[in-house]
Amino acid sequence: MRDPVAPCELVPDDVPHYVPRTPGEKVRSLGGYHLEGRTVGEVLPEIAARGLKVTYLVTEPSPDEPRDRDMPYVMYPTKQDTPVGQDWFVWQADEQGSGVVRLFVTRQLARP
């Protein structure tokens, strides 16, 4: 190689990642408390009362017709730092470890 090589420029991953809906109860630490379709403001007091911590997966309705009916939402890695409001909707949750619940949230629910 004779000439200098230009430095690589990292490009953020802004490709939509489809998020599958998982069947069944995934959050045992909530003891059957139904989260889906409620707002973040409605579920946070229940989660806090159980002494659990919360993380979020920020999602959006699929920008096109979903490939699979069980994947109505997409996640963009570049949008994970978006502040989550109390009026956002929870459409799914899972346990991330001992005492940590991850809420799958969206500003707008996907069309059925």
# chains A, B, ... in the order shown; residues from 1 in each chain; ligands from 1

call {"tool": "residues_around", "arguments": {"residues": "Val101 in chain A", "least_positions_apart": "3", "cutoff": "9 Å", "atoms": "only C-alpha atoms", "output": "count of residues only"}}
result
15

call {"tool": "residues_around", "arguments": {"residues": "range 78-91 of chain A", "least_positions_apart": "3", "cutoff": "8 Å", "atoms": "only C-alpha atoms", "output": "count of residues only"}}
result
22

call {"tool": "select_by_dssp", "arguments": {"residues": "chain A", "states": "strand (DSSP E)", "output": "PyMOL selection string"}}
result
chain A and resi 17-19+53-58+60-61+73-75+89-97+100-106

call {"tool": "write_last_selection", "arguments": {"atoms": "C-alpha atoms", "output": "PDB file, in the first residue's frame"}}
result
ATOM      1  CA  HIS A  17     -34.989  -4.108  14.129  1.00  0.00           C
ATOM      2  CA  TYR A  18     -38.303  -5.957  14.344  1.00  0.00           C
ATOM      3  CA  VAL A  19     -39.217  -6.876  17.912  1.00  0.00           C
ATOM      4  CA  LYS A  53     -35.928  -1.528  38.954  1.00  0.00           C
ATOM      5  CA  VAL A  54     -37.002  -0.583  35.423  1.00  0.00           C
ATOM      6  CA  THR A  55     -35.217  -0.328  32.090  1.00  0.00           C
ATOM      7  CA  TYR A  56     -36.839   0.541  28.770  1.00  0.00           C
ATOM      8  CA  LEU A  57     -36.715  -0.717  25.206  1.00  0.00           C
ATOM      9  CA  VAL A  58     -37.949   2.226  23.123  1.00  0.00           C
ATOM     10  CA  GLU A  60     -42.253   2.374  17.423  1.00  0.00           C
ATOM     11  CA  PRO A  61     -45.030   0.841  15.363  1.00  0.00           C
ATOM     12  CA  TYR A  73     -43.035  -2.915  16.525  1.00  0.00           C
ATOM     13  CA  VAL A  74     -39.495  -1.977  15.565  1.00  0.00           C
ATOM     14  CA  MET A  75     -36.548  -0.801  17.626  1.00  0.00           C
ATOM     15  CA  PHE A  89     -47.661   2.750  26.416  1.00  0.00           C
ATOM     16  CA  VAL A  90     -46.236  -0.553  27.628  1.00  0.00           C
ATOM     17  CA  TRP A  91     -46.911  -3.381  25.177  1.00  0.00           C
ATOM     18  CA  GLN A  92     -44.644  -6.067  26.610  1.00  0.00           C
ATOM     19  CA  ALA A  93     -42.169  -6.684  29.428  1.00  0.00           C
ATOM     20  CA  ASP A  94     -39.515  -9.188  30.384  1.00  0.00           C
ATOM     21  CA  GLU A  95     -37.104  -9.797  33.251  1.00  0.00           C
ATOM     22  CA  GLN A  96     -33.542  -8.652  32.723  1.00  0.00           C
ATOM     23  CA  GLY A  97     -32.204 -10.258  35.854  1.00  0.00           C
ATOM     24  CA  VAL A 100     -34.945  -5.700  36.989  1.00  0.00           C
ATOM     25  CA  VAL A 101     -37.913  -5.462  34.610  1.00  0.00           C
ATOM     26  CA  ARG A 102     -37.523  -4.230  31.022  1.00  0.00           C
ATOM     27  CA  LEU A 103     -40.589  -2.478  29.639  1.00  0.00           C
ATOM     28  CA  PHE A 104     -41.141  -2.423  25.868  1.00  0.00           C
ATOM     29  CA  VAL A 105     -42.611   1.047  25.384  1.00  0.00           C
ATOM     30  CA  THR A 106     -44.009   3.125  22.535  1.00  0.00           C
TER      31      THR A 106
END

call {"tool": "select_by_dssp", "arguments": {"residues": "range 20-76 of chain A", "states": "alpha helix (DSSP H)", "output": "list in words"}}
result
Val40, Gly41, Glu42, Val43, Leu44, Pro45, Glu46, Ile47, Ala48 and Ala49 of chain A

call {"tool": "atom_distance", "arguments": {"atom1": "CA of Arg111 in chain A", "atom2": "CA of Pro20 in chain A"}}
result
15.2 Å
